[in-house]
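S.K.: What follows is structure.txt; its format and atoms are compact mmCIF, C-alpha atoms.
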```
# COMPACT_ATOMS: atom_id res chain seq x y z
CA MET Q 12 34.48 -11.77 -44.23
CA THR Q 13 34.89 -8.30 -45.79
CA SER Q 14 35.74 -5.25 -43.73
CA GLN Q 15 32.38 -3.85 -44.79
CA GLY Q 16 30.61 -6.91 -43.31
CA VAL Q 17 32.49 -6.49 -40.01
CA SER Q 18 31.58 -2.79 -39.96
CA VAL Q 19 27.87 -3.50 -40.51
CA ARG Q 20 27.83 -6.11 -37.74
CA ALA Q 21 29.67 -3.80 -35.35
CA GLU Q 22 27.19 -1.01 -36.09
CA ALA Q 23 24.24 -3.36 -35.52
CA ARG Q 24 25.73 -4.50 -32.22
CA GLY Q 25 26.24 -0.88 -31.17
CA ALA Q 26 22.62 -0.07 -32.00
CA HIS Q 27 21.48 -3.09 -29.97
CA CYS Q 28 23.49 -1.91 -26.96
CA ARG Q 29 22.01 1.57 -27.28
CA ASP Q 30 18.52 0.05 -27.30
CA LEU Q 31 19.32 -1.88 -24.13
CA SER Q 32 20.41 1.29 -22.38
CA ARG Q 33 16.99 2.75 -23.10
CA GLY Q 34 15.30 -0.41 -21.81
CA PRO Q 35 15.45 -2.05 -18.38
CA ARG Q 36 19.22 -1.58 -18.09
CA MET Q 37 19.09 2.13 -18.06
CA GLY Q 38 22.15 4.02 -19.27
CA ASN Q 39 23.87 6.50 -16.94
CA SER Q 40 23.04 9.45 -19.17
CA ALA Q 41 19.31 8.61 -19.16
CA LEU Q 42 19.33 8.21 -15.36
CA ARG Q 43 21.24 11.48 -15.04
CA ALA Q 44 18.56 13.22 -17.10
CA HIS Q 45 15.84 11.88 -14.76
CA VAL Q 46 17.81 13.08 -11.72
CA GLU Q 47 18.27 16.55 -13.23
CA THR Q 48 14.55 16.82 -13.98
CA ALA Q 49 13.68 15.66 -10.46
CA GLN Q 50 15.98 18.32 -9.02
CA LYS Q 51 13.74 20.96 -10.61
CA THR Q 52 10.33 19.34 -10.12
CA GLY Q 53 10.69 17.49 -6.81
CA VAL Q 54 9.26 14.38 -8.51
CA PHE Q 55 11.32 11.28 -9.39
CA GLN Q 56 9.44 8.64 -11.36
CA LEU Q 57 11.16 5.63 -12.88
CA LYS Q 58 8.75 2.74 -13.48
CA ASP Q 59 9.04 -0.45 -15.54
CA ARG Q 60 12.85 -0.26 -15.90
CA GLY Q 61 13.89 -3.58 -14.39
CA LEU Q 62 15.87 -1.82 -11.64
CA THR Q 63 17.23 -4.24 -9.05
CA GLU Q 64 18.43 -1.52 -6.66
CA PHE Q 65 17.19 1.78 -5.29
CA PRO Q 66 19.11 4.36 -7.41
CA SER Q 67 22.04 5.62 -5.30
CA GLU Q 68 22.04 8.82 -7.40
CA LEU Q 69 18.97 9.93 -5.44
CA GLN Q 70 21.06 10.65 -2.36
CA LYS Q 71 21.91 13.97 -4.05
CA LEU Q 72 18.20 14.87 -3.86
CA THR Q 73 17.36 14.06 -0.24
CA SER Q 74 16.37 17.68 0.42
CA ASN Q 75 14.53 18.14 -2.93
CA LEU Q 76 12.15 15.28 -3.51
CA ARG Q 77 8.48 15.30 -2.54
CA THR Q 78 7.50 12.26 -4.65
CA ILE Q 79 9.33 9.03 -5.52
CA ASP Q 80 7.71 6.36 -7.70
CA LEU Q 81 9.79 3.25 -8.47
CA SER Q 82 6.89 0.89 -9.13
CA ASN Q 83 7.11 -2.15 -11.43
CA ASN Q 84 10.81 -2.85 -10.94
CA LYS Q 85 12.76 -5.66 -9.23
CA ILE Q 86 14.06 -3.84 -6.16
CA GLU Q 87 14.75 -6.24 -3.27
CA SER Q 88 15.71 -3.79 -0.51
CA LEU Q 89 15.86 -0.11 0.44
CA PRO Q 90 19.23 1.39 1.46
CA PRO Q 91 19.00 2.28 5.19
CA MET Q 92 21.66 5.00 4.90
CA ILE Q 93 19.69 6.88 2.23
CA ILE Q 94 15.97 6.19 2.57
CA GLY Q 95 15.45 8.01 5.87
CA LYS Q 96 17.03 11.26 4.67
CA PHE Q 97 14.28 12.49 2.32
CA THR Q 98 13.10 15.18 4.70
CA LEU Q 99 10.42 16.63 2.39
CA LEU Q 100 9.10 13.35 0.93
CA LYS Q 101 5.29 13.15 0.93
CA SER Q 102 4.64 10.23 -1.44
CA LEU Q 103 6.58 6.97 -1.89
CA SER Q 104 5.41 4.25 -4.30
CA LEU Q 105 7.20 0.93 -4.65
CA ASN Q 106 4.39 -1.26 -5.97
CA ASN Q 107 5.28 -4.48 -7.79
CA ASN Q 108 8.83 -4.93 -6.56
CA LYS Q 109 10.54 -7.70 -4.55
CA LEU Q 110 10.81 -6.12 -1.10
CA THR Q 111 10.88 -8.60 1.78
CA ILE Q 112 11.68 -6.19 4.61
CA LEU Q 113 11.54 -2.44 5.30
CA PRO Q 114 14.41 -0.71 7.12
CA GLU Q 115 13.68 1.09 10.40
CA GLU Q 116 15.13 4.24 8.80
CA LEU Q 117 12.09 4.49 6.54
CA CYS Q 118 10.17 5.59 9.63
CA ASN Q 119 12.23 8.81 9.79
CA LEU Q 120 10.14 10.26 6.94
CA LYS Q 121 8.14 12.63 9.15
CA LYS Q 122 6.29 14.30 6.24
CA LEU Q 123 5.33 11.12 4.40
CA GLU Q 124 1.57 11.13 3.68
CA MET Q 125 1.22 8.30 1.13
CA LEU Q 126 3.06 4.97 1.15
CA SER Q 127 2.19 2.38 -1.49
CA LEU Q 128 3.86 -1.05 -1.31
CA ASN Q 129 1.37 -3.29 -3.12
CA ASN Q 130 2.53 -6.64 -4.50
CA ASN Q 131 5.81 -7.14 -2.67
CA HIS Q 132 6.85 -9.94 -0.25
CA LEU Q 133 6.49 -8.16 3.09
CA ARG Q 134 5.68 -10.24 6.18
CA GLU Q 135 5.78 -7.46 8.77
CA LEU Q 136 6.33 -3.74 9.30
CA PRO Q 137 9.22 -2.14 11.25
CA SER Q 138 8.56 -1.77 14.99
CA THR Q 139 9.00 2.00 14.60
CA PHE Q 140 6.36 2.28 11.83
CA GLY Q 141 4.13 4.27 14.21
CA GLN Q 142 6.59 7.18 13.90
CA LEU Q 143 5.27 8.01 10.40
CA ALA Q 144 3.06 10.60 12.06
CA ALA Q 145 1.86 12.35 8.87
CA LEU Q 146 0.80 9.15 7.05
CA LYS Q 147 -2.72 9.34 5.58
CA THR Q 148 -2.84 6.53 3.00
CA LEU Q 149 -1.16 3.12 3.30
CA SER Q 150 -1.43 0.41 0.62
CA LEU Q 151 -0.06 -3.06 1.40
CA SER Q 152 -2.24 -5.19 -0.87
CA GLY Q 153 -0.74 -8.42 -2.19
CA ASN Q 154 1.92 -9.00 0.48
CA GLN Q 155 2.41 -11.81 3.03
CA LEU Q 156 1.14 -10.20 6.23
CA ARG Q 157 -0.39 -12.74 8.63
CA ALA Q 158 -1.79 -10.26 11.15
CA LEU Q 159 -3.11 -6.73 11.43
CA PRO Q 160 0.04 -4.66 12.16
CA PRO Q 161 -0.41 -3.15 15.67
CA GLN Q 162 1.85 -0.22 14.71
CA LEU Q 163 -1.04 1.21 12.65
CA CYS Q 164 -2.91 2.07 15.84
CA SER Q 165 -0.35 4.80 16.65
CA LEU Q 166 -1.02 6.68 13.39
CA ARG Q 167 -3.57 9.35 14.26
CA HIS Q 168 -3.94 10.84 10.75
CA LEU Q 169 -4.29 7.57 8.87
CA ASP Q 170 -7.42 7.72 6.67
CA VAL Q 171 -7.20 4.75 4.29
CA VAL Q 172 -5.51 1.36 4.79
CA ASP Q 173 -5.49 -1.38 2.15
CA LEU Q 174 -4.48 -4.79 3.52
CA SER Q 175 -6.31 -6.83 0.88
CA LYS Q 176 -4.80 -10.00 -0.62
CA ASN Q 177 -2.68 -10.92 2.40
CA GLN Q 178 -2.87 -13.91 4.78
CA ILE Q 179 -4.60 -12.29 7.76
CA ARG Q 180 -6.73 -14.79 9.71
CA SER Q 181 -8.31 -12.69 12.46
CA ILE Q 182 -8.92 -9.12 13.57
CA PRO Q 183 -7.76 -8.66 17.21
CA ASP Q 184 -8.96 -6.29 19.96
CA ILE Q 185 -6.37 -3.64 19.08
CA VAL Q 186 -8.45 -2.82 16.00
CA GLY Q 187 -10.60 -0.60 18.22
CA GLU Q 188 -7.72 1.88 18.44
CA LEU Q 189 -7.46 2.38 14.66
CA GLN Q 190 -8.26 5.91 13.49
CA VAL Q 191 -8.89 5.00 9.84
CA ILE Q 192 -11.92 6.00 7.78
CA GLU Q 193 -11.60 3.10 5.32
CA LEU Q 194 -10.17 -0.36 6.02
CA ASN Q 195 -9.84 -2.86 3.15
CA LEU Q 196 -9.36 -6.48 4.23
CA ASN Q 197 -10.74 -8.15 1.09
CA GLN Q 198 -9.29 -11.51 0.03
CA ASN Q 199 -7.65 -12.57 3.27
CA GLN Q 200 -8.44 -15.65 5.40
CA ILE Q 201 -10.36 -13.88 8.16
CA SER Q 202 -12.67 -16.08 10.22
CA GLN Q 203 -12.79 -14.06 13.46
CA ILE Q 204 -13.42 -10.37 14.17
CA SER Q 205 -13.14 -8.67 17.54
CA VAL Q 206 -16.25 -6.81 18.68
CA LYS Q 207 -13.89 -3.87 19.35
CA ILE Q 208 -14.02 -3.04 15.65
CA SER Q 209 -17.30 -1.28 16.45
CA CYS Q 210 -15.35 1.16 18.66
CA CYS Q 211 -13.28 2.62 15.80
CA PRO Q 212 -14.18 6.31 16.09
CA ARG Q 213 -13.85 7.22 12.41
CA LEU Q 214 -14.36 3.92 10.55
CA LYS Q 215 -16.98 4.42 7.83
CA VAL Q 216 -16.00 1.83 5.18
CA LEU Q 217 -15.14 -1.78 6.06
CA ARG Q 218 -14.34 -4.20 3.23
CA LEU Q 219 -14.30 -7.90 4.11
CA GLU Q 220 -15.12 -9.53 0.78
CA GLU Q 221 -13.87 -13.04 -0.01
CA ASN Q 222 -12.80 -14.11 3.46
CA CYS Q 223 -13.74 -17.14 5.62
CA LEU Q 224 -16.44 -15.54 7.77
CA GLU Q 225 -19.43 -17.39 9.14
CA LEU Q 226 -22.37 -15.07 9.81
CA SER Q 227 -22.15 -15.88 13.54
CA MET Q 228 -18.58 -14.49 13.59
CA LEU Q 229 -19.66 -11.05 12.35
CA PRO Q 230 -20.16 -8.84 15.45
CA GLN Q 231 -23.76 -7.60 15.50
CA SER Q 232 -22.51 -4.31 16.97
CA ILE Q 233 -21.01 -3.46 13.55
CA LEU Q 234 -24.61 -3.04 12.41
CA SER Q 235 -26.15 -1.51 15.51
CA ASP Q 236 -23.45 0.44 17.34
CA SER Q 237 -20.69 1.52 14.94
CA GLN Q 238 -20.00 4.44 12.57
CA ILE Q 239 -19.71 2.03 9.61
CA CYS Q 240 -21.98 3.05 6.73
CA LEU Q 241 -20.55 0.76 4.02
CA LEU Q 242 -20.00 -2.88 4.94
CA ALA Q 243 -18.84 -5.09 2.04
CA VAL Q 244 -19.01 -8.80 2.95
CA GLU Q 245 -19.80 -10.60 -0.32
CA GLY Q 246 -18.00 -13.88 -0.94
CA ASN Q 247 -17.93 -15.20 2.63
CA LEU Q 248 -19.51 -18.36 4.11
CA PHE Q 249 -23.07 -16.99 4.28
CA GLU Q 250 -25.73 -15.60 2.02
CA ILE Q 251 -26.10 -11.81 1.99
CA LYS Q 252 -29.87 -12.09 2.51
CA LYS Q 253 -29.15 -13.67 5.94
CA LEU Q 254 -27.27 -10.52 6.92
CA ARG Q 255 -30.44 -8.51 6.32
CA GLU Q 256 -32.25 -10.59 8.92
CA LEU Q 257 -29.86 -9.67 11.75
CA GLU Q 258 -30.84 -7.36 14.57
CA GLY Q 259 -29.42 -3.89 13.97
CA TYR Q 260 -29.46 -4.16 10.17
CA ASP Q 261 -32.09 -1.40 9.96
CA LYS Q 262 -29.78 0.96 11.89
CA TYR Q 263 -26.94 0.14 9.49
CA MET Q 264 -29.22 0.85 6.52
CA GLU Q 265 -30.14 4.24 7.99
CA ARG Q 266 -26.44 5.18 8.04
CA PHE Q 267 -25.89 3.71 4.58
CA THR Q 268 -28.83 5.64 3.07
CA ALA Q 269 -27.91 8.91 4.80
CA THR Q 270 -24.36 8.69 3.43
CA LYS Q 271 -25.61 7.81 -0.05
CA LYS Q 272 -27.86 10.90 -0.07
CA LYS Q 273 -25.00 13.07 1.11
CA PHE Q 274 -22.85 12.10 -1.87
CA ALA Q 275 -25.65 11.86 -4.44
```
Could you write out this file's structure as structure tokens?

M.R.:
Amino acid sequence: MTSQGVSVRAEARGAHCRDLSRGPRMGNSALRAHVETAQKTGVFQLKDRGLTEFPSELQKLTSNLRTIDLSNNKIESLPPMIIGKFTLLKSLSLNNNKLTILPEELCNLKKLEMLSLNNNHLRELPSTFGQLAALKTLSLSGNQLRALPPQLCSLRHLDVVDLSKNQIRSIPDIVGELQVIELNLNQNQISQISVKISCCPRLKVLRLEENCLELSMLPQSILSDSQICLLAVEGNLFEIKKLRELEGYDKYMERFTATKKKFA
């Protein structure tokens, strides 16, 4: 082979390696550029890069960052020694990763308002999860939760919780202590609901589509004695027209119509 042929192949191989550094295996210089930008903006976003680890370089920015988005990667765990030190962090998104467990240190994020962990492999939340006192929005759709996490009842500012596409089978009495405005339990395996759900002081939107509910298992007090003004129950083991025949349905419709007019 001629020296020119070797040179061309070497150049092609070099170009290929440079392309890889711009792809999922991100080069150090590209990562450094993202870190430098985040230092100025307070926002670190690195999606679709095939990352298998939480970037250790972020420990330099624990007192800078307000937003971290590492969605659509392959991250399996969060580093306990780093994750709890982001004192200003308000938004953390790790959708579509491979997380199986969350470290207790995550619950040190006292200013965190939005946590999005859709499509991971989580089976439970840390026991200290109730310490995330500022949390307003929590998304855990597409995980492996088998029960409503009781820790959520300690979060007084929680407005929206998405627990759709999990493996939850029942809603226990503790649900009455939830402070949420919207609770999404679509596409679970729910067949039983505690009557205490009617006691939720702020619950306006309850989504229970595509579960395993018989009409007799739906507490009538949801219709007659709750704050709920949008009840979504399509795709269960009863026809929607049967719901309209239940006692209290007219009271529910009054709330539904009043809310609709308000936002019209």

S.K.: Hey, can you pull every residue with an atom no more than 6 Å from (9.1, 0.1, -15.2), using all atoms listed in the file, and send it as a PyMOL selection string?

M.R.: chain Q and resi 58-60+83-84

S.K.: Tell me which protein, DNA and RNA residues are within 9 Å of range 92-94 of chain Q, counting all atoms listed in the file, leaving out same-chain ones fewer than 2 positions away, and put them as a count of residues only.

M.R.: 13

S.K.: Name the closest residue to Asn154 in chain Q among the candidates Q:Thr78, Q:Ser205, Q:Asn108, Q:Asn129; distances are taken between atoms, counting only C-alpha atoms.

M.R.: Q:Asn129

S.K.: What is the CA of Pro137 in chain Q to CA of Leu113 in chain Q distance in Å?

M.R.: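 For CA of Pro137 in chain Q relative to CA of Leu113 in chain Q, the distance reads 6.4 Å.
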
S.K.: Mind giving me the axis-aligned box for range 172-176 of chain Q with 3 Å on every side, centre plus edges in Å to one decimal, as lines of an AutoDock Vina configuration file?

M.R.:
```
center_x = -5.4
center_y = -4.3
center_z = 2.1
size_x = 7.8
size_y = 17.4
size_z = 11.4
```

S.K.: Distance CA of Leu257 in chain Q-CA of Leu234 in chain Q, one decimal place?

M.R.: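 The value is 8.5 Å.
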
S.K.: Record the distance separating CA of Gln198 in chain Q and CA of Leu219 in chain Q, expressed in Å with one decimal.

M.R.: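 CA of Leu219 in chain Q lies 7.4 Å from CA of Gln198 in chain Q.
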
S.K.: Mind checking which residues fall within 9 Å of Glu193 in chain Q, counting only C-alpha atoms, ignoring those fewer than 2 positions away in the same chain, and posting them as a list in words?

M.R.: Asp170, Val171, Val172, Asp173, Val191, Asn195, Arg213, Leu214, Lys215, Val216, Leu217 and Arg218 of chain Q

S.K.: Using only C-alpha atoms, which of Q:Ile192, Q:Asn199, Q:Phe55, Q:Leu128 sits nearest Ala158 in chain Q?

M.R.: Q:Asn199

S.K.: Save range 197-208 of chain Q to disk from that block, all heavy atoms included, as a PDB file, in the first residue's frame.

M.R.:
```
ATOM      1  N   ASN Q 197     -53.514   7.266  35.380  1.00  0.00           N
ATOM      2  CA  ASN Q 197     -53.870   6.531  34.164  1.00  0.00           C
ATOM      3  C   ASN Q 197     -52.953   5.321  33.948  1.00  0.00           C
ATOM      4  O   ASN Q 197     -51.770   5.353  34.300  1.00  0.00           O
ATOM      5  CB  ASN Q 197     -53.752   7.430  32.925  1.00  0.00           C
ATOM      6  CG  ASN Q 197     -54.845   8.478  32.854  1.00  0.00           C
ATOM      7  OD1 ASN Q 197     -55.849   8.407  33.567  1.00  0.00           O
ATOM      8  ND2 ASN Q 197     -54.667   9.467  31.987  1.00  0.00           N
ATOM      9  N   GLN Q 198     -53.505   4.283  33.350  1.00  0.00           N
ATOM     10  CA  GLN Q 198     -52.733   3.112  32.929  1.00  0.00           C
ATOM     11  C   GLN Q 198     -51.937   2.473  34.061  1.00  0.00           C
ATOM     12  O   GLN Q 198     -50.738   2.244  33.962  1.00  0.00           O
ATOM     13  CB  GLN Q 198     -51.811   3.480  31.759  1.00  0.00           C
ATOM     14  CG  GLN Q 198     -52.591   3.805  30.481  1.00  0.00           C
ATOM     15  CD  GLN Q 198     -51.688   4.199  29.330  1.00  0.00           C
ATOM     16  OE1 GLN Q 198     -51.347   5.369  29.187  1.00  0.00           O
ATOM     17  NE2 GLN Q 198     -51.303   3.258  28.502  1.00  0.00           N
ATOM     18  N   ASN Q 199     -52.651   2.225  35.169  1.00  0.00           N
ATOM     19  CA  ASN Q 199     -52.126   1.389  36.241  1.00  0.00           C
ATOM     20  C   ASN Q 199     -52.983   0.122  36.296  1.00  0.00           C
ATOM     21  O   ASN Q 199     -53.563  -0.263  35.281  1.00  0.00           O
ATOM     22  CB  ASN Q 199     -52.127   2.158  37.564  1.00  0.00           C
ATOM     23  CG  ASN Q 199     -50.895   3.033  37.724  1.00  0.00           C
ATOM     24  OD1 ASN Q 199     -49.829   2.564  38.099  1.00  0.00           O
ATOM     25  ND2 ASN Q 199     -51.025   4.323  37.424  1.00  0.00           N
ATOM     26  N   GLN Q 200     -53.058  -0.510  37.465  1.00  0.00           N
ATOM     27  CA  GLN Q 200     -53.878  -1.722  37.619  1.00  0.00           C
ATOM     28  C   GLN Q 200     -54.857  -1.543  38.780  1.00  0.00           C
ATOM     29  O   GLN Q 200     -55.178  -2.488  39.509  1.00  0.00           O
ATOM     30  CB  GLN Q 200     -52.964  -2.928  37.860  1.00  0.00           C
ATOM     31  CG  GLN Q 200     -51.984  -3.171  36.718  1.00  0.00           C
ATOM     32  CD  GLN Q 200     -50.801  -4.044  37.123  1.00  0.00           C
ATOM     33  OE1 GLN Q 200     -50.847  -4.761  38.108  1.00  0.00           O
ATOM     34  NE2 GLN Q 200     -49.727  -3.965  36.361  1.00  0.00           N
ATOM     35  N   ILE Q 201     -55.323  -0.326  38.963  1.00  0.00           N
ATOM     36  CA  ILE Q 201     -56.120   0.027  40.138  1.00  0.00           C
ATOM     37  C   ILE Q 201     -57.509  -0.610  40.082  1.00  0.00           C
ATOM     38  O   ILE Q 201     -58.249  -0.450  39.111  1.00  0.00           O
ATOM     39  CB  ILE Q 201     -56.235   1.555  40.261  1.00  0.00           C
ATOM     40  CG1 ILE Q 201     -54.839   2.149  40.514  1.00  0.00           C
ATOM     41  CG2 ILE Q 201     -57.187   1.950  41.391  1.00  0.00           C
ATOM     42  CD1 ILE Q 201     -54.753   3.645  40.340  1.00  0.00           C
ATOM     43  N   SER Q 202     -57.842  -1.329  41.159  1.00  0.00           N
ATOM     44  CA  SER Q 202     -59.176  -1.932  41.252  1.00  0.00           C
ATOM     45  C   SER Q 202     -59.902  -1.467  42.517  1.00  0.00           C
ATOM     46  O   SER Q 202     -61.098  -1.711  42.664  1.00  0.00           O
ATOM     47  CB  SER Q 202     -59.074  -3.462  41.252  1.00  0.00           C
ATOM     48  OG  SER Q 202     -58.286  -3.908  42.331  1.00  0.00           O
ATOM     49  N   GLN Q 203     -59.169  -0.802  43.422  1.00  0.00           N
ATOM     50  CA  GLN Q 203     -59.777  -0.324  44.669  1.00  0.00           C
ATOM     51  C   GLN Q 203     -59.333   1.107  44.966  1.00  0.00           C
ATOM     52  O   GLN Q 203     -58.158   1.444  44.789  1.00  0.00           O
ATOM     53  CB  GLN Q 203     -59.381  -1.221  45.840  1.00  0.00           C
ATOM     54  CG  GLN Q 203     -60.002  -2.605  45.776  1.00  0.00           C
ATOM     55  CD  GLN Q 203     -59.694  -3.397  47.032  1.00  0.00           C
ATOM     56  OE1 GLN Q 203     -58.529  -3.462  47.454  1.00  0.00           O
ATOM     57  NE2 GLN Q 203     -60.711  -4.002  47.635  1.00  0.00           N
ATOM     58  N   ILE Q 204     -60.280   1.917  45.441  1.00  0.00           N
ATOM     59  CA  ILE Q 204     -59.989   3.309  45.799  1.00  0.00           C
ATOM     60  C   ILE Q 204     -60.600   3.613  47.160  1.00  0.00           C
ATOM     61  O   ILE Q 204     -61.803   3.406  47.370  1.00  0.00           O
ATOM     62  CB  ILE Q 204     -60.586   4.296  44.772  1.00  0.00           C
ATOM     63  CG1 ILE Q 204     -60.079   3.980  43.365  1.00  0.00           C
ATOM     64  CG2 ILE Q 204     -60.241   5.733  45.135  1.00  0.00           C
ATOM     65  CD1 ILE Q 204     -60.708   4.860  42.294  1.00  0.00           C
ATOM     66  N   SER Q 205     -59.774   4.121  48.073  1.00  0.00           N
ATOM     67  CA  SER Q 205     -60.290   4.507  49.381  1.00  0.00           C
ATOM     68  C   SER Q 205     -61.246   5.696  49.260  1.00  0.00           C
ATOM     69  O   SER Q 205     -61.009   6.629  48.490  1.00  0.00           O
ATOM     70  CB  SER Q 205     -59.136   4.890  50.312  1.00  0.00           C
ATOM     71  OG  SER Q 205     -59.632   5.541  51.470  1.00  0.00           O
ATOM     72  N   VAL Q 206     -62.294   5.658  50.055  1.00  0.00           N
ATOM     73  CA  VAL Q 206     -63.262   6.761  50.085  1.00  0.00           C
ATOM     74  C   VAL Q 206     -62.592   8.060  50.550  1.00  0.00           C
ATOM     75  O   VAL Q 206     -63.080   9.154  50.289  1.00  0.00           O
ATOM     76  CB  VAL Q 206     -64.463   6.373  50.991  1.00  0.00           C
ATOM     77  CG1 VAL Q 206     -64.033   6.319  52.453  1.00  0.00           C
ATOM     78  CG2 VAL Q 206     -65.634   7.306  50.782  1.00  0.00           C
ATOM     79  N   LYS Q 207     -61.445   7.927  51.205  1.00  0.00           N
ATOM     80  CA  LYS Q 207     -60.718   9.107  51.719  1.00  0.00           C
ATOM     81  C   LYS Q 207     -60.255  10.037  50.597  1.00  0.00           C
ATOM     82  O   LYS Q 207     -59.883  11.182  50.852  1.00  0.00           O
ATOM     83  CB  LYS Q 207     -59.497   8.661  52.526  1.00  0.00           C
ATOM     84  CG  LYS Q 207     -59.804   7.839  53.747  1.00  0.00           C
ATOM     85  CD  LYS Q 207     -60.222   8.703  54.905  1.00  0.00           C
ATOM     86  CE  LYS Q 207     -60.360   7.882  56.180  1.00  0.00           C
ATOM     87  NZ  LYS Q 207     -60.875   8.674  57.302  1.00  0.00           N
ATOM     88  N   ILE Q 208     -60.242   9.539  49.371  1.00  0.00           N
ATOM     89  CA  ILE Q 208     -59.812  10.393  48.262  1.00  0.00           C
ATOM     90  C   ILE Q 208     -60.718  11.622  48.144  1.00  0.00           C
ATOM     91  O   ILE Q 208     -60.297  12.671  47.664  1.00  0.00           O
ATOM     92  CB  ILE Q 208     -59.770   9.610  46.931  1.00  0.00           C
ATOM     93  CG1 ILE Q 208     -58.898  10.340  45.905  1.00  0.00           C
ATOM     94  CG2 ILE Q 208     -61.164   9.342  46.387  1.00  0.00           C
ATOM     95  CD1 ILE Q 208     -58.478   9.515  44.719  1.00  0.00           C
TER      96      ILE Q 208
END
```
